[in-house]
$ cat input15.cif   # mmCIF, C-alpha atoms
data_data
#
loop_
_atom_site.label_atom_id
_atom_site.label_comp_id
_atom_site.auth_asym_id
_atom_site.auth_seq_id
_atom_site.Cartn_x
_atom_site.Cartn_y
_atom_site.Cartn_z
CA MET A 585 27.65 50.44 57.74
CA GLU A 586 26.31 47.03 56.78
CA LEU A 587 27.85 44.08 58.62
CA PRO A 588 29.76 41.69 56.36
CA LEU A 589 28.97 38.13 55.48
CA VAL A 590 31.46 35.88 57.25
CA VAL A 591 32.44 32.67 55.45
CA GLY A 592 34.25 29.82 57.15
CA VAL A 593 36.82 28.51 54.65
CA ASP A 594 38.84 25.32 55.00
CA GLY A 595 39.83 24.30 51.48
CA SER A 596 37.20 21.56 51.19
CA GLU A 597 34.88 21.15 48.21
CA SER A 598 31.93 21.87 50.49
CA GLY A 599 33.65 25.02 51.70
CA LEU A 600 34.25 26.18 48.12
CA ARG A 601 30.55 25.75 47.32
CA ALA A 602 29.73 27.80 50.40
CA LEU A 603 32.20 30.47 49.28
CA ASP A 604 30.63 30.71 45.82
CA TRP A 605 27.16 31.00 47.36
CA ALA A 606 28.36 33.66 49.79
CA VAL A 607 29.94 35.75 47.01
CA ASP A 608 26.63 35.76 45.14
CA GLU A 609 24.76 36.56 48.37
CA ALA A 610 27.12 39.43 49.20
CA ALA A 611 26.65 40.88 45.72
CA LEU A 612 22.89 40.51 46.01
CA HIS A 613 22.75 42.52 49.23
CA GLY A 614 25.68 44.85 48.57
CA LEU A 615 27.67 43.47 51.50
CA PRO A 616 31.41 43.00 52.07
CA LEU A 617 32.73 39.48 52.53
CA ARG A 618 35.12 38.30 55.25
CA LEU A 619 36.82 34.94 54.81
CA VAL A 620 37.82 33.26 58.07
CA TYR A 621 40.09 30.27 58.51
CA ALA A 622 40.49 28.93 62.06
CA SER A 623 42.47 25.98 63.39
CA ARG A 624 44.09 25.00 66.69
CA TRP A 625 47.49 24.39 65.17
CA GLU A 626 49.10 23.10 68.37
CA ARG A 627 46.62 20.20 68.45
CA TYR A 628 47.96 18.56 65.31
CA GLU A 629 48.96 15.07 66.33
CA GLY A 630 52.68 14.39 66.49
CA VAL A 631 53.68 18.00 65.86
CA ALA A 632 55.22 20.18 68.54
CA PRO A 633 53.53 23.59 68.89
CA ALA A 634 56.69 25.53 68.06
CA GLU A 635 57.23 23.49 64.90
CA GLY A 636 53.60 23.01 63.89
CA ALA A 637 52.43 26.60 63.86
CA PRO A 638 54.59 27.81 60.94
CA ALA A 639 53.67 24.80 58.77
CA GLU A 640 49.99 25.18 59.48
CA GLN A 641 50.31 28.92 58.99
CA LEU A 642 51.50 28.26 55.45
CA ILE A 643 48.52 25.97 54.86
CA ALA A 644 46.14 28.58 56.29
CA ASP A 645 47.61 31.37 54.17
CA ALA A 646 47.33 29.19 51.07
CA ILE A 647 43.69 28.35 51.82
CA VAL A 648 42.55 31.93 52.43
CA GLY A 649 44.64 33.22 49.53
CA SER A 650 43.10 30.72 47.15
CA ALA A 651 39.61 31.47 48.52
CA ALA A 652 40.11 35.21 48.06
CA ASP A 653 41.27 34.69 44.47
CA ARG A 654 38.25 32.52 43.77
CA ALA A 655 35.89 35.12 45.24
CA GLY A 656 37.51 37.85 43.16
CA ARG A 657 37.14 35.85 39.96
CA ARG A 658 33.49 35.11 40.71
CA ASN A 659 32.60 38.76 41.35
CA PRO A 660 35.33 41.43 41.35
CA ALA A 661 32.88 44.02 42.71
CA VAL A 662 32.55 42.28 46.09
CA GLU A 663 34.90 43.62 48.75
CA VAL A 664 36.84 40.73 50.30
CA THR A 665 38.99 40.59 53.43
CA VAL A 666 40.64 37.56 55.03
CA GLN A 667 41.37 36.52 58.59
CA VAL A 668 43.45 33.59 59.90
CA LEU A 669 42.92 32.57 63.52
CA ALA A 670 44.85 30.07 65.63
CA ASP A 671 41.74 28.98 67.45
CA ASP A 672 39.08 26.31 67.58
CA PRO A 673 36.88 26.79 64.46
CA VAL A 674 33.58 26.58 66.35
CA ALA A 675 34.65 29.06 69.03
CA ALA A 676 36.11 31.45 66.45
CA LEU A 677 33.00 31.45 64.24
CA LEU A 678 30.67 31.86 67.20
CA ARG A 679 32.64 34.97 68.19
CA GLU A 680 32.37 36.28 64.63
CA ALA A 681 28.59 35.81 64.41
CA PRO A 682 27.48 38.95 66.34
CA TYR A 683 29.55 41.09 63.97
CA ALA A 684 28.20 39.54 60.78
CA THR A 685 25.00 39.76 58.79
CA ALA A 686 25.27 35.97 58.72
CA VAL A 687 27.90 33.25 59.03
CA VAL A 688 28.06 31.04 55.94
CA LEU A 689 29.41 27.49 56.17
CA GLY A 690 29.73 24.40 54.03
CA SER A 691 27.90 21.25 55.01
CA LYS A 692 31.07 19.17 55.45
CA GLY A 693 34.56 20.03 56.56
CA ARG A 694 38.00 19.11 55.32
CA GLY A 695 38.93 15.49 55.96
CA GLU A 696 35.46 14.33 57.01
CA PHE A 697 34.02 11.14 55.58
CA VAL A 698 31.94 11.80 52.49
CA ASP A 699 29.00 9.78 53.80
CA LEU A 700 28.53 11.97 56.87
CA LEU A 701 25.40 14.09 56.53
CA LEU A 702 26.69 17.21 58.23
CA GLY A 703 30.04 18.38 59.53
CA SER A 704 30.52 18.87 63.25
CA VAL A 705 31.64 22.49 62.86
CA SER A 706 28.59 23.45 60.79
CA LEU A 707 26.19 21.72 63.17
CA SER A 708 27.79 23.19 66.30
CA VAL A 709 27.87 26.75 64.96
CA ALA A 710 24.30 26.59 63.61
CA ALA A 711 23.08 25.16 66.91
CA ARG A 712 24.83 27.62 69.22
CA ALA A 713 25.03 30.92 67.36
CA THR A 714 22.87 33.81 68.55
CA HIS A 715 22.82 35.29 65.02
CA PRO A 716 21.92 33.88 61.58
CA VAL A 717 23.92 30.98 60.18
CA VAL A 718 23.57 29.65 56.63
CA VAL A 719 24.69 26.10 55.86
CA VAL A 720 25.17 25.72 52.12
CA ARG A 721 23.96 22.32 50.99
CA GLY A 722 21.56 20.81 48.48
CA ASP A 723 21.30 19.79 44.85
CA LYS A 724 22.54 21.73 41.81
CA ALA A 725 19.24 23.54 41.25
CA GLY A 726 18.99 24.62 44.88
CA LEU A 727 22.58 25.85 44.93
CA ALA A 728 22.19 27.68 41.62
CA GLY A 729 19.10 29.55 42.82
CA THR A 730 16.98 28.65 39.80
CA HIS A 731 13.69 28.04 41.62
CA ASP A 732 12.95 31.72 42.35
CA ARG A 733 11.51 30.76 45.71
CA VAL A 734 12.47 31.28 49.37
CA LEU A 735 10.87 28.78 51.73
CA LEU A 736 10.03 29.88 55.28
CA GLY A 737 9.05 27.44 57.98
CA VAL A 738 6.53 29.27 60.19
CA GLY A 739 6.92 27.92 63.71
CA ASP A 740 5.56 28.90 67.11
CA THR A 741 7.17 32.34 67.15
CA ALA A 742 6.07 35.87 67.86
CA ARG A 743 4.84 38.21 65.14
CA GLY A 744 7.62 39.49 62.93
CA SER A 745 10.25 37.11 64.35
CA PRO A 746 13.88 37.41 63.17
CA ALA A 747 13.37 34.35 60.92
CA VAL A 748 10.34 35.97 59.26
CA GLN A 749 12.21 39.24 58.76
CA PHE A 750 15.24 37.41 57.36
CA ALA A 751 13.07 35.49 54.88
CA PHE A 752 11.31 38.66 53.66
CA ARG A 753 14.63 40.43 53.10
CA GLU A 754 15.93 37.48 51.12
CA ALA A 755 12.82 37.23 48.95
CA GLU A 756 12.83 40.99 48.35
CA ALA A 757 16.51 41.06 47.35
CA ARG A 758 16.03 38.10 45.01
CA GLY A 759 12.74 39.38 43.59
CA CYS A 760 11.21 35.96 44.14
CA VAL A 761 8.25 34.26 45.80
CA LEU A 762 8.24 33.78 49.56
CA ASP A 763 6.59 30.46 50.36
CA ALA A 764 5.55 30.65 54.03
CA VAL A 765 4.57 27.19 55.24
CA ARG A 766 2.99 26.06 58.49
CA ALA A 767 2.58 22.33 59.10
CA TRP A 768 -0.29 21.08 61.25
CA ARG A 769 -1.48 17.75 62.62
CA CYS A 770 -4.74 16.53 64.04
CA PRO A 771 -4.35 14.39 67.18
CA ALA A 772 -5.33 10.79 66.48
CA TYR A 773 -7.86 10.69 69.31
CA GLU A 774 -9.82 13.54 67.72
CA THR A 775 -10.21 11.86 64.34
CA ALA A 776 -12.22 9.05 65.93
CA ASP A 777 -15.27 11.30 66.47
CA ARG A 778 -15.05 13.22 63.19
CA ALA A 779 -18.59 12.10 62.24
CA GLU A 780 -19.95 14.10 65.17
CA ARG A 781 -18.49 17.38 63.80
CA PRO A 782 -19.90 18.86 60.58
CA ALA A 783 -16.51 20.04 59.31
CA GLY A 784 -14.38 17.40 61.00
CA PRO A 785 -11.61 18.05 63.55
CA GLU A 786 -9.04 18.61 60.79
CA HIS A 787 -10.77 21.83 59.80
CA HIS A 788 -10.14 23.35 63.22
CA TYR A 789 -6.39 22.64 63.15
CA GLU A 790 -6.01 23.80 59.58
CA GLN A 791 -7.78 27.07 60.38
CA GLN A 792 -5.63 27.51 63.48
CA ALA A 793 -2.48 26.99 61.42
CA SER A 794 -3.66 29.51 58.83
CA ALA A 795 -4.33 32.11 61.53
CA LEU A 796 -0.85 31.57 63.00
CA VAL A 797 0.73 32.11 59.58
CA ASP A 798 -1.17 35.38 59.08
CA GLU A 799 -0.20 36.62 62.53
CA ALA A 800 3.48 35.75 62.09
CA LEU A 801 3.76 37.42 58.69
CA GLU A 802 1.63 40.53 59.12
CA PRO A 803 4.21 43.15 60.21
CA ALA A 804 6.88 42.05 57.73
CA ALA A 805 4.38 41.79 54.87
CA VAL A 806 3.43 45.44 55.44
CA ASP A 807 7.10 46.48 55.49
CA HIS A 808 7.90 44.55 52.30
CA PRO A 809 4.91 45.11 50.01
CA SER A 810 6.82 44.13 46.86
CA VAL A 811 7.34 40.54 48.04
CA GLN A 812 5.06 38.04 46.37
CA LEU A 813 3.80 36.05 49.33
CA ARG A 814 2.34 32.56 49.28
CA ARG A 815 0.76 31.33 52.51
CA THR A 816 0.45 27.55 52.80
CA THR A 817 -0.73 25.15 55.49
CA VAL A 818 0.10 21.47 55.09
CA GLU A 819 -0.95 18.48 57.15
CA GLY A 820 1.99 16.42 58.36
CA PRO A 821 5.18 16.54 60.48
CA ALA A 822 6.88 19.91 60.02
CA HIS A 823 10.36 18.50 59.45
CA LYS A 824 9.15 16.21 56.66
CA VAL A 825 6.98 18.90 55.07
CA LEU A 826 9.84 21.42 54.87
CA VAL A 827 12.45 18.95 53.65
CA ARG A 828 10.09 17.81 50.90
CA ARG A 829 9.26 21.36 49.82
CA SER A 830 12.93 22.40 49.90
CA ALA A 831 13.36 20.57 46.59
CA ALA A 832 11.61 23.54 44.93
CA ALA A 833 13.38 26.31 46.90
CA ASP A 834 16.62 28.27 46.69
CA LEU A 835 16.81 28.89 50.44
CA LEU A 836 15.04 27.40 53.45
CA VAL A 837 14.70 29.69 56.49
CA VAL A 838 13.94 28.19 59.90
CA GLY A 839 13.88 29.69 63.36
CA ALA A 840 15.74 28.37 66.40
CA ARG A 841 14.92 29.21 69.99
CA HIS A 842 17.92 30.59 71.83
CA ARG A 843 17.98 29.33 75.40
CA HIS A 844 19.61 31.99 77.56
CA GLY A 845 22.33 30.71 79.84
CA HIS A 846 22.40 27.36 78.07
CA PHE A 847 25.49 26.49 76.03
CA GLY A 848 24.10 23.31 74.51
CA LEU A 849 22.35 22.76 71.21
CA GLN A 850 19.27 24.87 70.56
CA LEU A 851 18.04 23.18 67.40
CA GLY A 852 14.80 21.29 67.44
CA ARG A 853 13.73 18.44 65.19
CA VAL A 854 12.89 20.77 62.30
CA GLY A 855 16.30 22.46 62.35
CA HIS A 856 18.18 19.18 62.55
CA ALA A 857 16.21 17.65 59.69
CA ALA A 858 16.68 20.72 57.51
CA LEU A 859 20.43 20.89 58.07
CA HIS A 860 20.86 17.20 57.32
CA HIS A 861 18.41 16.63 54.49
CA ALA A 862 17.29 19.86 52.77
CA ALA A 863 17.76 20.10 49.01
CA CYS A 864 18.83 23.77 49.24
CA PRO A 865 20.88 26.03 51.53
CA VAL A 866 19.44 26.43 55.04
CA ALA A 867 19.40 29.62 57.10
CA VAL A 868 19.01 29.07 60.85
CA VAL A 869 17.83 32.29 62.50
CA PRO A 870 17.75 32.33 66.33
CA HIS A 871 15.11 34.13 68.33
CA GLY A 872 14.10 34.54 71.95
#

$ encode --input "input15.cif" --output "structure tokens"
Amino acid sequence: MELPLVVGVDGSESGLRALDWAVDEAALHGLPLRLVYASRWERYEGVAPAEGAPAEQLIADAIVGSAADRAGRRNPAVEVTVQVLADDPVAALLREAPYATAVVLGSKGRGEFVDLLLGSVSLSVAARATHPVVVVRGDKAGLAGTHDRVLLGVGDTARGSPAVQFAFREAEARGCVLDAVRAWRCPAYETADRAERPAGPEHHYEQQASALVDEALEPAAVDHPSVQLRRTTVEGPAHKVLVRRSAAADLLVVGARHRHGHFGLQLGRVGHAALHHAACPVAVVPHG
């Protein structure tokens, strides 16, 4: 049985956009959808636990009920269940992640300032989860999926990494192009003697990047022959390259190294930049 998509709902506009995206994603992959609302009710300022829980329970029930109705109107064929948890949202969603195909979140939470780039719950879950997390953000075109392109950032990972596999499955389900991109840079000290090398030092690093892309993609490309694959190497900082190219993508997939025994953040510069600035939804897929 396929694991469901889990969506963190909180009644915010960002959360509703994430819900709509998740309904479409569930329909695309034939997956059930589980809507989760989590809040530590007893922490509400000025409200005693015994008095606060029922009031917040009513709010929670209203939020998940409204979200379920919205999901049903968007696609009645998608199976939807709801779950209300009296728990910290980050802790609850991290526990849900191993039992989900992916956890889907909005980029901002309820009550957060509109000028904040990314909500604390979304960032914490994406940074700590040991399974895929999708943060739904971006412009109208990216959210609507009109580019017919999945963008994969090829990092320093093993062949057929979870991020690569995730990206191929997405491109196959969508019937779209998979744009696999590897950024490269030539150290400044090597450009000084470029006249002494017939092809220049840049050629070496570009060729190395191209070889790494081929190695990373090879197993998944064989398993998904119908996917139209575009291999690209680009000179420049990886985080800037991917954010720029996300303007022409419907989904950006990046890997994140999971550090065993370490509870802190596991996102590097690329992951942080993507979650804060990408023009389309971002899937963070841990590995290692």

$ resolve_selection --input "input15.cif" --expression "the PyMOL selection byres ((chain A and resi 685) around 12)" --output "PDB file with C-alpha atoms, in the coordinates of the input"
ATOM      1  CA  MET A 585      27.650  50.440  57.740  1.00  0.00           C
ATOM      2  CA  GLU A 586      26.310  47.030  56.780  1.00  0.00           C
ATOM      3  CA  LEU A 587      27.850  44.080  58.620  1.00  0.00           C
ATOM      4  CA  PRO A 588      29.760  41.690  56.360  1.00  0.00           C
ATOM      5  CA  LEU A 589      28.970  38.130  55.480  1.00  0.00           C
ATOM      6  CA  VAL A 590      31.460  35.880  57.250  1.00  0.00           C
ATOM      7  CA  VAL A 591      32.440  32.670  55.450  1.00  0.00           C
ATOM      8  CA  ALA A 606      28.360  33.660  49.790  1.00  0.00           C
ATOM      9  CA  GLU A 609      24.760  36.560  48.370  1.00  0.00           C
ATOM     10  CA  ALA A 610      27.120  39.430  49.200  1.00  0.00           C
ATOM     11  CA  HIS A 613      22.750  42.520  49.230  1.00  0.00           C
ATOM     12  CA  GLY A 614      25.680  44.850  48.570  1.00  0.00           C
ATOM     13  CA  LEU A 615      27.670  43.470  51.500  1.00  0.00           C
ATOM     14  CA  PRO A 616      31.410  43.000  52.070  1.00  0.00           C
ATOM     15  CA  LEU A 617      32.730  39.480  52.530  1.00  0.00           C
ATOM     16  CA  ARG A 618      35.120  38.300  55.250  1.00  0.00           C
ATOM     17  CA  GLU A 680      32.370  36.280  64.630  1.00  0.00           C
ATOM     18  CA  ALA A 681      28.590  35.810  64.410  1.00  0.00           C
ATOM     19  CA  PRO A 682      27.480  38.950  66.340  1.00  0.00           C
ATOM     20  CA  TYR A 683      29.550  41.090  63.970  1.00  0.00           C
ATOM     21  CA  ALA A 684      28.200  39.540  60.780  1.00  0.00           C
ATOM     22  CA  ALA A 686      25.270  35.970  58.720  1.00  0.00           C
ATOM     23  CA  VAL A 687      27.900  33.250  59.030  1.00  0.00           C
ATOM     24  CA  VAL A 688      28.060  31.040  55.940  1.00  0.00           C
ATOM     25  CA  THR A 714      22.870  33.810  68.550  1.00  0.00           C
ATOM     26  CA  HIS A 715      22.820  35.290  65.020  1.00  0.00           C
ATOM     27  CA  PRO A 716      21.920  33.880  61.580  1.00  0.00           C
ATOM     28  CA  VAL A 717      23.920  30.980  60.180  1.00  0.00           C
ATOM     29  CA  VAL A 718      23.570  29.650  56.630  1.00  0.00           C
ATOM     30  CA  PHE A 750      15.240  37.410  57.360  1.00  0.00           C
ATOM     31  CA  ARG A 753      14.630  40.430  53.100  1.00  0.00           C
ATOM     32  CA  ALA A 867      19.400  29.620  57.100  1.00  0.00           C
ATOM     33  CA  VAL A 869      17.830  32.290  62.500  1.00  0.00           C
TER      34      VAL A 869
END

$ resolve_selection --input "input15.cif" --expression "the PyMOL selection byres ((chain A and resi 621) around 8)" --output "ChimeraX atom specification"
/A:592-594,619-620,622-623,644,647-648,667-669,673

$ residues_around --input "input15.cif" --residues "range 759-770 of chain A" --least-positions-apart "2" --cutoff "6 Å" --atoms "all atoms listed in the file" --output "JSON, numbers by chain"
{"A": [732, 733, 734, 735, 736, 737, 738, 755, 756, 757, 786, 812, 813, 814, 815, 816, 817, 818, 819, 820, 822]}

$ residues_around --input "input15.cif" --residues "Arg721 in chain A" --least-positions-apart "2" --cutoff "7 Å" --atoms "all atoms listed in the file" --output "short mmCIF file (atom, residue, chain, number, x, y, z; two decimals) with C-alpha atoms, in the coordinates of the input"
data_model
loop_
_atom_site.label_atom_id
_atom_site.label_comp_id
_atom_site.auth_asym_id
_atom_site.auth_seq_id
_atom_site.Cartn_x
_atom_site.Cartn_y
_atom_site.Cartn_z
CA GLY A 690 29.73 24.40 54.03
CA SER A 691 27.90 21.25 55.01
CA VAL A 719 24.69 26.10 55.86
CA ALA A 863 17.76 20.10 49.01
CA CYS A 864 18.83 23.77 49.24
CA PRO A 865 20.88 26.03 51.53
#

$ residues_near_point --input "input15.cif" --point "(21.9, 17.7, 56.6)" --cutoff "8 Å" --atoms "all atoms listed in the file" --output "list in words"
Ser691, Leu701, Leu702, Arg721, His856, Ala857, Ala858, Leu859, His860, His861 and Ala862 of chain A

$ resolve_selection --input "input15.cif" --expression "the PyMOL selection byres ((chain A and resi 796) around 10)" --output "list in words"
Val738, Gly739, Asp740, Thr741, Ala742, Arg743, Arg766, Glu790, Gln791, Gln792, Ala793, Ser794, Ala795, Val797, Asp798, Glu799, Ala800, Leu801 and Thr817 of chain A

$ atom_distance --input "input15.cif" --atom1 "CA of Ala675 in chain A" --atom2 "CA of Ile643 in chain A"
20.1 Å

$ atom_distance --input "input15.cif" --atom1 "CA of Glu754 in chain A" --atom2 "CA of Leu836 in chain A"
10.4 Å

$ closest_residue --input "input15.cif" --among "A:Ala670, A:Ala711, A:Val705, A:Ala833" --to "Gln641 in chain A" --atoms "all atoms listed in the file"
A:Ala670

$ atom_distance --input "input15.cif" --atom1 "CA of Leu826 in chain A" --atom2 "CA of Val854 in chain A"
8.1 Å

$ closest_residue --input "input15.cif" --among "A:Val720, A:Ala611, A:Val662, A:Ala639" --to "Ser598 in chain A" --atoms "all atoms listed in the file"
A:Val720

$ closest_residue --input "input15.cif" --among "A:Ala840, A:Ala652, A:Ala602, A:Val709" --to "Ala747 in chain A" --atoms "all atoms listed in the file"
A:Ala840

$ closest_residue --input "input15.cif" --among "A:His788, A:Lys724, A:Arg601, A:Arg758" --to "Leu689 in chain A" --atoms "only C-alpha atoms"
A:Arg601

$ closest_residue --input "input15.cif" --among "A:Gly726, A:Val664, A:Val674, A:Gly744" --to "Leu707 in chain A" --atoms "only C-alpha atoms"
A:Val674
